[in-house]
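What follows is a short report on a single structure.
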There are 2 protein chains.
Amino acid sequence: MVGGLHDKVLEVLGLEIADGTHPPGSVLRIDEMEARFGISRSVAREVVRTLASISLVVGRKRVGIVVRPREEWNSFDPTLIRWRLTADRAASLKTLAELRTAVEPVAAGAAARRCDDEAAGRLVALSERLVATSRAGDLDAFMDADVEFHRLILTTSGNEMFAQLHEVVEELLRWRAGHGLMPVHPRPVAVRLHCEIAECVRSGDRVRAEEAMRELVAEAFEGTLSGLDEHATKLPD
Amino acid sequence: MVGGLHDKVLEVLGLEIADGTHPPGSVLRIDEMEARFGISRSVAREVVRTLASISLVVGRKRVGIVVRPREEWNSFDPTLIRWRLTADRAASLKTLAELRTAVEPVAAGAAARRCDDEAAGRLVALSERLVATSRAGDLDAFMDADVEFHRLILTTSGNEMFAQLHEVVEELLRWRAGHGLMPVHPRPVAVRLHCEIAECVRSGDRVRAEEAMRELVAEAFEGTLSGLDEHATKLPD
DNA sequence: CCTAAGCAATAAGTATGACTTTATCGGCTC
DNA sequence: GAGCCGATAAAGTCATACTTATTGCTTAGG
């Protein structure tokens with residue numbers, strides 16, 4: 001992913017489509033791409049193939065490469081998620097945060113059902129680490145443990161689609177922290193919920209694990225929304 | 001998507017990777033692909049690019065095209081979902097059904113918050129159609145209305161990621177019907193829940209819409225699981 | 001005047017061959 | 001046995017020629 005010519009061009013074009021520089025319905029042409037980026041036909045075509053595989057574009061003979069309507073884009077594609085995060089951060093975060101509220105509770109429930117001793121041990125250990133780092137006011141360490149905690153829940157769920165969302169959750173968690181909206185000490189109720197979740201998963205209490213997680217992500221979602229509002233009200237008309 | 005040489009080859013290779021013919025860690029080579037399918041280098045490379053964009057493979061110099069570990073695949077990609085459905089239908093359906101239990105309740109809640117009169121009207125109309133077709137025992141018409149009902153909930157949610165899952169839900173609904181596990185008349189409680197959801201969304205009752213949908217998908221999930229079990233026990237040792 | 005059939009221009013799609021880059025392997029030195 | 005180093009294999013890039021489908025125009029027919 002580092003030195004490839006393909007990836008450089010892809011990055012630029014993908015972002016330009018995501019941010020509306022090339023709105024749906026507009027048309028790109030391969031030879032224009034060649035000229036613009038100084039690349040060969042093959043690279044240009046491979047970039048187009050990649051964009052097409054995310055359903056961002058579709059190539060049509062005698063027409064060109066047309067940008068498809070937004071609702072047809074594969075919005076779960078990690079690359080597209082990244083592009084949209086830089087193109088319209090607020091909207092993306094809201095969408096992702098809502099997705100999180102949907103998935104994580106069910107993932108916690110699933111984890112409670114099928115987690116083994118090893119995972120349970122790590123989960124409880126992480127929850128204890130959350131208590132410790134929050135008491136100590138070590139926000140960086142807290143964040144790392146928090147990220148790891150949620151990653152573990154998602155992977156332990158045994159559902160590969162849930163597992164795949166751990167990067168999304170990490171993005172959300174780190175964004176919220178990065179915006180200083182968090183008090184110096186994480187909210188005690190959140191810490192308590194993490195402990196409760198860990199304990200419920202360990203003991204196999206599916207229902208309570210799900211409920212506790214629902215409570216946790218609901219709170220986080222509200223926090224994210226108000227964080228976005230604050231940010232929005234910084235630049236009114 | 002119909003006549004392309006690219007798509008034909010992609011279809012074969014994607015399926016072979018999904019079904020384990022080329023397990024993670026194994027290596028493909030471009031010139032082998034050329035020979036095997038009788039295609040040119042350009043087409044072969046574009047196929048590889050497409051597979052790479054789903055994170056199924058990664059190309060490495062002096063090595064070849066190596067198949068990546070399963071947990072790194074973009075399991076939300078619609079094409080990959082299709083391949084996995086044919087490769088390991090039971091596991092895929094379980095995964096997707098679980099995803100559905102996570103997403104649809106939250107989507108219903110979101111829809112209740114932001115749906116307009118037009119959508120509300122269509123939703124209520126659809127729920128009434130469900131009642132009518134279920135009374136009449138017209139399973140085909142019932143299924144169509146059911147699919148449309150859930151599609152409308154997901155799109156009305158205003159979350160494009162939720163909306164994108166309507167195809168998944170449709171696949172699940174139609175699969176269940178196609179397996180004759182459904183009684184001649186759809187379960188009355190399911191019909192009642194649809195009506196309740198429609199009404200809650202119309203009146204903006206976020207919480208009850210979410211709860212009713214949770215009840216509905218929980219029931220459907222159980223049904224799917226037992227359907228899969230029945231199917232599995234048909235071919236024991 | 002409008003419709004339908006045919007034609008030509010256009011841009012994607014495919015094919016081919018040459019050249020570049022870089023990760024790996026295997027031998028060679030110390 | 002550890003580390004350097006060149007040969008090599010395969011992906012990656014480039015240039016060009018050729019094929020195919022689509023569209024918009026033009027022309028013939030009603």
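Chain identifiers are assigned as A, B, and so on, following the order in which chains appear in the structure tokens; residues are numbered from 1 within each chain, and ligands are numbered from 1 in order of appearance.
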Select from chain D every residue with an atom at most 7 Å from any atom of chain B, then for each give the shortest pair of atoms and their distance in Å to one decimal, using only C-alpha atoms (C1' of nucleotides), rows by chain and rising number, as CSV.
residue,atom,partner,partner_atom,distance
D:DA9,C1',B:Arg62,CA,5.4
D:DA10,C1',B:Arg62,CA,4.3
D:DA11,C1',B:Lys61,CA,4.6
Print the selection's residues with C-alpha atoms (C1' of nucleotides) to a file, as a PDB file, in the first residue's frame.
ATOM      1  C1'  DA D   9      11.363 -14.322 -10.548  1.00  0.00           C
ATOM      2  C1'  DA D  10       7.144 -12.194 -10.474  1.00  0.00           C
ATOM      3  C1'  DA D  11       4.456  -8.048  -9.880  1.00  0.00           C
TER       4       DA D  11
END
* Might you pull out every residue within 12 Å of DA5 of chain C, with only C-alpha atoms (C1' of nucleotides) counted and same-chain residues fewer than 2 positions away left off, and present them as a list in words? => DT3 and DC7 of chain C; DT26, DT27, DA28 and DG29 of chain D
Writer output for current selection, C-alpha atoms (C1' of nucleotides), as a compact mmCIF listing (two decimals), in the first residue's frame:
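The new file result_25.txt reads:
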# COMPACT_ATOMS: atom_id res chain seq x y z
C1' DT C 3 -40.49 7.89 -37.51
C1' DC C 7 -23.94 4.68 -40.47
C1' DT D 26 -28.16 11.42 -41.00
C1' DT D 27 -30.96 9.78 -44.34
C1' DA D 28 -34.69 7.28 -46.44
C1' DG D 29 -39.53 6.09 -46.04
* Could you list, as a PyMOL selection string, every residue of chain B that has an atom within 10 Å of an atom of chain A, counting only C-alpha atoms? -> chain B and resi 1+6+41-43+45-54+58+70-79+91-92+94-96+98-107+110+155+158-165
* For segment 123-135 of chain B, please output as a ChimeraX atom specification all residues within 6 Å (counting only C-alpha atoms (C1' of nucleotides); exclusion window: fewer than 3 positions along the same chain). => /B:120,138,142,185,194-195,198
* Asked: Out of segment 40-104 of chain A, which residues get strand (DSSP E) from DSSP, as a list in words?
  -> Val57, Val58, Gly59, Arg60, Gly64, Ile65, Val66 and Val67 of chain A
Just the selected residues (N, CA and C atoms), exported as a short mmCIF file (atom, residue, chain, number, x, y, z; two decimals), in the first residue's frame, please.
data_model
loop_
_atom_site.label_atom_id
_atom_site.label_comp_id
_atom_site.auth_asym_id
_atom_site.auth_seq_id
_atom_site.Cartn_x
_atom_site.Cartn_y
_atom_site.Cartn_z
N VAL A 57 -18.29 4.10 -9.26
CA VAL A 57 -18.40 4.44 -10.68
C VAL A 57 -18.81 3.22 -11.47
N VAL A 58 -19.20 3.47 -12.69
CA VAL A 58 -19.44 2.38 -13.61
C VAL A 58 -18.99 2.86 -14.99
N GLY A 59 -18.28 1.98 -15.67
CA GLY A 59 -17.77 2.36 -16.98
C GLY A 59 -18.77 2.01 -18.06
N ARG A 60 -19.04 2.94 -18.95
CA ARG A 60 -19.96 2.64 -20.04
C ARG A 60 -19.36 3.03 -21.38
N GLY A 64 -18.07 6.91 -20.95
CA GLY A 64 -16.99 7.23 -20.03
C GLY A 64 -17.21 6.56 -18.69
N ILE A 65 -16.51 7.03 -17.69
CA ILE A 65 -16.64 6.48 -16.35
C ILE A 65 -17.60 7.37 -15.59
N VAL A 66 -18.82 6.89 -15.36
CA VAL A 66 -19.80 7.76 -14.72
C VAL A 66 -19.90 7.47 -13.22
N VAL A 67 -20.00 8.53 -12.46
CA VAL A 67 -20.11 8.42 -11.01
C VAL A 67 -21.53 7.99 -10.65
#
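Around Leu216 of chain B, within 12 Å and counting only C-alpha atoms (C1' of nucleotides), the residues found are Arg100, Thr101, Ala102, Glu104, Pro105, Ala108, His150, Arg187, Pro188, Val189, Ala190, Val191, Arg192, Leu193, His194, Cys195, Glu196, Ile197, Ala209, Glu210, Glu211, Phe221, Glu222 and Gly223 of chain B, once anything fewer than 5 positions away on its own chain is removed.
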Quick one: write out the picked residues with N, CA and C atoms as a short mmCIF file (atom, residue, chain, number, x, y, z; two decimals), in the first residue's frame?
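Saved as selection_1.cif:
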data_model
loop_
_atom_site.label_atom_id
_atom_site.label_comp_id
_atom_site.auth_asym_id
_atom_site.auth_seq_id
_atom_site.Cartn_x
_atom_site.Cartn_y
_atom_site.Cartn_z
N ARG B 100 -28.69 -8.77 11.10
CA ARG B 100 -30.02 -8.18 10.96
C ARG B 100 -30.62 -7.88 12.34
N THR B 101 -30.49 -8.82 13.25
CA THR B 101 -31.06 -8.57 14.59
C THR B 101 -30.45 -7.33 15.23
N ALA B 102 -29.21 -7.05 14.85
CA ALA B 102 -28.57 -5.86 15.41
C ALA B 102 -29.11 -4.59 14.79
N GLU B 104 -31.77 -3.87 12.39
CA GLU B 104 -33.14 -3.45 12.09
C GLU B 104 -33.85 -2.73 13.24
N PRO B 105 -33.69 -3.18 14.47
CA PRO B 105 -34.36 -2.44 15.55
C PRO B 105 -33.92 -0.98 15.62
N ALA B 108 -35.39 0.91 12.80
CA ALA B 108 -36.80 1.24 13.03
C ALA B 108 -36.92 2.45 13.95
N HIS B 150 -39.59 -4.00 4.95
CA HIS B 150 -38.30 -3.88 5.62
C HIS B 150 -37.36 -2.97 4.86
N ARG B 187 -47.18 -16.34 10.64
CA ARG B 187 -47.55 -16.32 12.05
C ARG B 187 -48.24 -15.02 12.42
N PRO B 188 -49.40 -15.13 13.05
CA PRO B 188 -50.18 -13.93 13.37
C PRO B 188 -49.40 -12.92 14.19
N VAL B 189 -48.58 -13.41 15.10
CA VAL B 189 -47.84 -12.48 15.95
C VAL B 189 -46.89 -11.63 15.11
N ALA B 190 -46.31 -12.23 14.06
CA ALA B 190 -45.42 -11.47 13.19
C ALA B 190 -46.19 -10.38 12.46
N VAL B 191 -47.36 -10.74 11.97
CA VAL B 191 -48.18 -9.75 11.27
C VAL B 191 -48.53 -8.60 12.22
N ARG B 192 -48.93 -8.98 13.44
CA ARG B 192 -49.29 -7.95 14.42
C ARG B 192 -48.10 -7.02 14.68
N LEU B 193 -46.92 -7.60 14.79
CA LEU B 193 -45.73 -6.78 15.06
C LEU B 193 -45.46 -5.80 13.93
N HIS B 194 -45.63 -6.27 12.70
CA HIS B 194 -45.45 -5.36 11.56
C HIS B 194 -46.38 -4.15 11.70
N CYS B 195 -47.63 -4.43 12.04
CA CYS B 195 -48.60 -3.34 12.18
C CYS B 195 -48.18 -2.39 13.29
N GLU B 196 -47.75 -2.98 14.37
CA GLU B 196 -47.35 -2.15 15.50
C GLU B 196 -46.15 -1.28 15.12
N ILE B 197 -45.21 -1.87 14.43
CA ILE B 197 -44.03 -1.10 14.00
C ILE B 197 -44.46 0.05 13.11
N ALA B 209 -41.15 1.46 18.62
CA ALA B 209 -40.82 0.95 17.28
C ALA B 209 -39.61 0.03 17.37
N GLU B 210 -38.61 0.49 18.10
CA GLU B 210 -37.38 -0.30 18.25
C GLU B 210 -37.67 -1.62 18.95
N GLU B 211 -38.46 -1.55 20.01
CA GLU B 211 -38.75 -2.76 20.78
C GLU B 211 -39.55 -3.77 19.95
N PHE B 221 -34.87 -14.65 13.86
CA PHE B 221 -33.54 -15.22 14.04
C PHE B 221 -33.64 -16.65 14.54
N GLU B 222 -34.46 -16.87 15.53
CA GLU B 222 -34.67 -18.23 16.05
C GLU B 222 -35.14 -19.15 14.93
N GLY B 223 -36.09 -18.63 14.16
CA GLY B 223 -36.61 -19.42 13.06
C GLY B 223 -35.52 -19.79 12.06
#
What does chain A look like once superposed on chain B, all Cα atoms paired in sequence order, least squares? Give it as a CSV table (one decimal) with C-alpha atoms, in the first residue's frame.
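part.csv written:
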chain,number,residue,atom,x,y,z
A,1,MET,CA,-22.0,-6.6,-15.6
A,2,VAL,CA,-23.3,-8.8,-18.3
A,3,GLY,CA,-20.8,-9.3,-21.2
A,4,GLY,CA,-17.6,-8.4,-19.5
A,5,LEU,CA,-14.7,-10.8,-19.7
A,6,HIS,CA,-13.4,-9.3,-16.4
A,7,ASP,CA,-16.6,-10.2,-14.6
A,8,LYS,CA,-16.6,-13.8,-15.8
A,9,VAL,CA,-13.1,-14.5,-14.6
A,10,LEU,CA,-13.7,-12.5,-11.4
A,11,GLU,CA,-16.7,-14.6,-10.6
A,12,VAL,CA,-14.8,-17.9,-10.9
A,13,LEU,CA,-11.8,-16.8,-8.9
A,14,GLY,CA,-13.8,-15.0,-6.2
A,15,LEU,CA,-15.9,-18.1,-5.6
A,16,GLU,CA,-12.8,-20.3,-5.5
A,17,ILE,CA,-11.3,-18.2,-2.9
A,18,ALA,CA,-14.5,-17.9,-0.9
A,19,ASP,CA,-15.0,-21.7,-0.9
A,20,GLY,CA,-11.5,-22.5,0.1
A,21,THR,CA,-10.2,-23.9,-3.2
A,22,HIS,CA,-7.5,-21.3,-2.7
A,23,PRO,CA,-7.1,-21.2,1.1
A,24,PRO,CA,-5.5,-18.2,2.8
A,25,GLY,CA,-1.8,-18.2,2.4
A,26,SER,CA,-1.9,-19.9,-1.0
A,27,VAL,CA,-0.5,-18.1,-4.0
A,28,LEU,CA,-1.9,-17.4,-7.5
A,29,ARG,CA,0.2,-16.2,-10.3
A,30,ILE,CA,-0.9,-13.8,-13.0
A,31,ASP,CA,0.6,-15.8,-15.9
A,32,GLU,CA,-1.2,-18.9,-14.6
A,33,MET,CA,-4.5,-16.9,-14.7
A,34,GLU,CA,-3.7,-15.8,-18.3
A,35,ALA,CA,-3.1,-19.4,-19.4
A,36,ARG,CA,-6.0,-20.9,-17.5
A,37,PHE,CA,-8.7,-18.5,-18.7
A,38,GLY,CA,-7.1,-17.5,-22.0
A,39,ILE,CA,-7.1,-13.9,-21.1
A,40,SER,CA,-4.6,-11.1,-21.5
A,41,ARG,CA,-2.4,-9.7,-18.8
A,42,SER,CA,-4.5,-6.5,-18.4
A,43,VAL,CA,-7.7,-8.4,-17.7
A,44,ALA,CA,-5.9,-10.7,-15.3
A,45,ARG,CA,-4.4,-7.7,-13.4
A,46,GLU,CA,-7.7,-5.9,-13.2
A,47,VAL,CA,-9.3,-9.0,-11.7
A,48,VAL,CA,-6.6,-9.1,-9.2
A,49,ARG,CA,-7.2,-5.4,-8.4
A,50,THR,CA,-10.8,-6.1,-7.8
A,51,LEU,CA,-10.1,-9.1,-5.5
A,52,ALA,CA,-7.5,-6.9,-3.7
A,53,SER,CA,-10.1,-4.2,-3.1
A,54,ILE,CA,-12.2,-6.7,-1.2
A,55,SER,CA,-9.0,-7.6,0.7
A,56,LEU,CA,-9.2,-11.1,-0.6
A,57,VAL,CA,-5.7,-11.1,-1.9
A,58,VAL,CA,-2.6,-9.0,-1.9
A,59,GLY,CA,0.0,-8.9,-4.6
A,60,ARG,CA,3.6,-9.1,-3.6
A,61,LYS,CA,6.6,-8.8,-5.9
A,62,ARG,CA,8.7,-11.9,-6.5
A,63,VAL,CA,6.0,-13.9,-4.7
A,64,GLY,CA,2.6,-13.7,-6.5
A,65,ILE,CA,-0.9,-13.0,-5.6
A,66,VAL,CA,-1.4,-14.3,-2.0
A,67,VAL,CA,-4.8,-15.1,-0.5
A,68,ARG,CA,-5.2,-13.1,2.7
A,69,PRO,CA,-6.6,-14.6,6.0
A,70,ARG,CA,-10.3,-14.7,6.2
A,71,GLU,CA,-10.6,-12.2,9.0
A,72,GLU,CA,-9.2,-9.5,6.8
A,73,TRP,CA,-11.7,-9.9,4.0
A,74,ASN,CA,-14.2,-7.1,3.6
A,75,SER,CA,-17.2,-9.2,4.6
A,76,PHE,CA,-19.7,-6.5,3.9
A,77,ASP,CA,-18.9,-6.4,0.3
A,78,PRO,CA,-22.1,-7.4,-1.6
A,79,THR,CA,-20.1,-9.5,-4.1
A,80,LEU,CA,-18.3,-11.4,-1.4
A,81,ILE,CA,-21.5,-11.9,0.5
A,82,ARG,CA,-22.9,-13.5,-2.6
A,83,TRP,CA,-19.9,-15.7,-3.0
A,84,ARG,CA,-20.0,-16.8,0.6
A,85,LEU,CA,-23.7,-17.6,0.3
A,86,THR,CA,-23.0,-20.1,-2.4
A,87,ALA,CA,-19.8,-21.4,-0.8
A,88,ASP,CA,-21.1,-21.9,2.8
A,89,ARG,CA,-24.8,-21.0,2.8
A,90,ALA,CA,-25.6,-22.1,6.4
A,91,ALA,CA,-22.8,-20.1,8.0
A,92,SER,CA,-23.4,-17.1,5.9
A,93,LEU,CA,-27.1,-17.0,6.7
A,94,LYS,CA,-26.4,-17.3,10.4
A,95,THR,CA,-24.0,-14.4,10.3
A,96,LEU,CA,-26.3,-12.3,8.2
A,97,ALA,CA,-29.3,-13.1,10.3
A,98,GLU,CA,-27.4,-12.0,13.4
A,99,LEU,CA,-26.4,-8.8,11.7
A,100,ARG,CA,-30.0,-8.2,10.9
A,101,THR,CA,-31.1,-8.6,14.6
A,102,ALA,CA,-28.6,-5.9,15.4
A,103,VAL,CA,-29.4,-3.4,12.7
A,104,GLU,CA,-33.1,-3.5,12.1
A,105,PRO,CA,-34.4,-2.5,15.5
A,106,VAL,CA,-32.1,0.6,15.6
A,107,ALA,CA,-33.1,1.4,12.0
A,108,ALA,CA,-36.8,1.2,13.0
A,109,GLY,CA,-36.1,3.6,15.9
A,110,ALA,CA,-34.3,6.0,13.5
A,111,ALA,CA,-37.1,5.8,11.0
A,112,ALA,CA,-39.6,6.7,13.7
A,113,ARG,CA,-37.7,9.8,14.4
A,114,ARG,CA,-37.3,11.1,10.9
A,115,CYS,CA,-39.9,9.7,8.7
A,116,ASP,CA,-42.2,12.0,6.7
A,117,ASP,CA,-45.9,11.6,6.0
A,118,GLU,CA,-45.4,10.0,2.7
A,119,ALA,CA,-43.1,7.2,4.0
A,120,ALA,CA,-45.4,6.7,7.0
A,121,GLY,CA,-48.4,6.3,4.7
A,122,ARG,CA,-46.6,3.7,2.5
A,123,LEU,CA,-45.5,1.9,5.6
A,124,VAL,CA,-49.0,1.7,7.1
A,125,ALA,CA,-50.4,0.6,3.7
A,126,LEU,CA,-47.8,-2.1,3.5
A,127,SER,CA,-48.7,-3.4,7.0
A,128,GLU,CA,-52.3,-3.5,5.9
A,129,ARG,CA,-51.4,-5.4,2.8
A,130,LEU,CA,-49.5,-7.9,5.1
A,131,VAL,CA,-52.7,-8.4,7.0
A,132,ALA,CA,-54.8,-8.9,3.9
A,133,THR,CA,-52.4,-11.2,2.1
A,134,SER,CA,-51.8,-13.3,5.2
A,135,ARG,CA,-55.6,-13.7,5.6
A,136,ALA,CA,-55.9,-14.7,2.0
A,137,GLY,CA,-53.0,-17.1,2.3
A,138,ASP,CA,-51.3,-15.5,-0.7
A,139,LEU,CA,-47.7,-16.2,0.3
A,140,ASP,CA,-46.0,-14.7,-2.7
A,141,ALA,CA,-47.8,-11.4,-2.3
A,142,PHE,CA,-47.1,-11.5,1.4
A,143,MET,CA,-43.4,-12.0,0.8
A,144,ASP,CA,-43.2,-9.1,-1.6
A,145,ALA,CA,-44.9,-6.8,0.8
A,146,ASP,CA,-42.7,-8.0,3.6
A,147,VAL,CA,-39.6,-7.4,1.6
A,148,GLU,CA,-40.8,-3.9,0.7
A,149,PHE,CA,-41.8,-3.2,4.3
A,150,HIS,CA,-38.3,-3.9,5.6
A,151,ARG,CA,-36.6,-2.1,2.7
A,152,LEU,CA,-38.7,1.0,3.5
A,153,ILE,CA,-37.8,0.9,7.2
A,154,LEU,CA,-34.1,0.6,6.4
A,155,THR,CA,-34.1,3.4,3.8
A,156,THR,CA,-36.3,5.7,5.9
A,157,SER,CA,-33.8,5.3,8.8
A,158,GLY,CA,-31.7,7.9,7.0
A,159,ASN,CA,-28.6,5.9,7.6
A,160,GLU,CA,-27.0,4.9,4.3
A,161,MET,CA,-25.3,1.9,6.0
A,162,PHE,CA,-28.5,0.6,7.3
A,163,ALA,CA,-30.2,1.2,3.9
A,164,GLN,CA,-27.5,-0.8,2.2
A,165,LEU,CA,-28.5,-3.9,4.1
A,166,HIS,CA,-31.9,-4.2,2.5
A,167,GLU,CA,-30.6,-6.7,0.1
A,168,VAL,CA,-29.3,-8.8,2.9
A,169,VAL,CA,-32.7,-8.7,4.6
A,170,GLU,CA,-34.4,-9.6,1.4
A,171,GLU,CA,-32.1,-12.6,0.9
A,172,LEU,CA,-32.9,-13.8,4.4
A,173,LEU,CA,-36.7,-13.3,4.1
A,174,ARG,CA,-36.9,-15.1,0.7
A,175,TRP,CA,-34.6,-17.9,1.8
A,176,ARG,CA,-36.8,-18.6,4.8
A,177,ALA,CA,-39.9,-18.7,2.7
A,178,GLY,CA,-38.3,-20.8,0.0
A,179,HIS,CA,-37.6,-23.5,2.6
A,180,GLY,CA,-41.2,-24.1,3.3
A,181,LEU,CA,-40.6,-23.7,6.9
A,182,MET,CA,-43.2,-21.1,7.0
A,183,PRO,CA,-46.8,-22.3,7.7
A,184,VAL,CA,-49.4,-21.6,5.1
A,185,HIS,CA,-50.5,-18.6,7.0
A,186,PRO,CA,-47.7,-16.3,8.3
A,187,ARG,CA,-47.6,-16.3,12.1
A,188,PRO,CA,-50.2,-13.9,13.4
A,189,VAL,CA,-47.9,-12.5,16.0
A,190,ALA,CA,-45.5,-11.4,13.2
A,191,VAL,CA,-48.2,-9.7,11.3
A,192,ARG,CA,-49.3,-7.9,14.4
A,193,LEU,CA,-45.8,-6.7,15.1
A,194,HIS,CA,-45.5,-5.3,11.6
A,195,CYS,CA,-48.6,-3.3,12.2
A,196,GLU,CA,-47.3,-2.1,15.5
A,197,ILE,CA,-44.0,-1.1,14.0
A,198,ALA,CA,-45.7,0.8,11.2
A,199,GLU,CA,-48.0,2.6,13.7
A,200,CYS,CA,-45.1,3.5,16.0
A,201,VAL,CA,-43.0,4.8,13.2
A,202,ARG,CA,-45.9,6.9,11.9
A,203,SER,CA,-46.6,8.3,15.3
A,204,GLY,CA,-42.9,8.9,16.0
A,205,ASP,CA,-42.7,6.5,18.9
A,206,ARG,CA,-39.0,5.7,18.7
A,207,VAL,CA,-38.7,3.4,21.7
A,208,ARG,CA,-41.7,1.2,21.0
A,209,ALA,CA,-40.8,1.0,17.3
A,210,GLU,CA,-37.4,-0.3,18.2
A,211,GLU,CA,-38.7,-2.8,20.8
A,212,ALA,CA,-41.4,-4.2,18.4
A,213,MET,CA,-38.8,-4.6,15.7
A,214,ARG,CA,-36.5,-6.3,18.2
A,215,GLU,CA,-39.2,-8.8,19.0
A,216,LEU,CA,-39.8,-9.4,15.4
A,217,VAL,CA,-36.2,-10.1,14.4
A,218,ALA,CA,-35.6,-12.1,17.5
A,219,GLU,CA,-38.3,-14.5,16.4
A,220,ALA,CA,-37.1,-14.5,12.8
A,221,PHE,CA,-33.6,-15.2,14.0
A,222,GLU,CA,-34.7,-18.2,16.0
A,223,GLY,CA,-36.6,-19.4,13.1
A,224,THR,CA,-33.6,-19.1,10.8
A,225,LEU,CA,-31.4,-21.0,13.3
A,226,SER,CA,-33.8,-23.9,13.6
A,227,GLY,CA,-34.3,-23.9,9.9
A,228,LEU,CA,-30.5,-24.2,9.5
A,229,ASP,CA,-30.4,-27.0,12.1
A,230,GLU,CA,-33.1,-29.0,10.3
A,231,HIS,CA,-31.2,-28.6,7.1
A,232,ALA,CA,-28.0,-29.7,8.8
A,233,THR,CA,-29.5,-32.8,10.4
A,234,LYS,CA,-30.5,-34.0,7.0
A,235,LEU,CA,-27.0,-35.0,6.3
A,236,PRO,CA,-25.4,-36.4,9.4
A,237,ASP,CA,-22.4,-38.8,9.4
Considering only C-alpha atoms (C1' of nucleotides), tabulate each residue of chain C that lies at most 8 Å from chain B along with its nearest interatomic pair and the corresponding distance in Å to one decimal; arrange the rows by chain and ascending residue number and present them as JSON lines.
{"residue": "C:DT14", "atom": "C1'", "partner": "B:Ser40", "partner_atom": "CA", "distance": 7.2}
{"residue": "C:DA15", "atom": "C1'", "partner": "B:Ser40", "partner_atom": "CA", "distance": 5.8}
{"residue": "C:DT16", "atom": "C1'", "partner": "B:Ser40", "partner_atom": "CA", "distance": 8.0}
{"residue": "C:DT22", "atom": "C1'", "partner": "B:Lys61", "partner_atom": "CA", "distance": 6.4}
{"residue": "C:DA23", "atom": "C1'", "partner": "B:Arg62", "partner_atom": "CA", "distance": 5.6}
{"residue": "C:DT24", "atom": "C1'", "partner": "B:Arg62", "partner_atom": "CA", "distance": 6.6}
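The spacing separating atom C1' of DA2 of chain D from atom C1' of DT29 of chain C amounts to 10.8 Å.
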* All alpha helix (DSSP H) positions in segment 67-175 of chain A, as an MDAnalysis selection string -> chainID A and resid 78:87 89:114 117:136 139:156 160:164 166:175
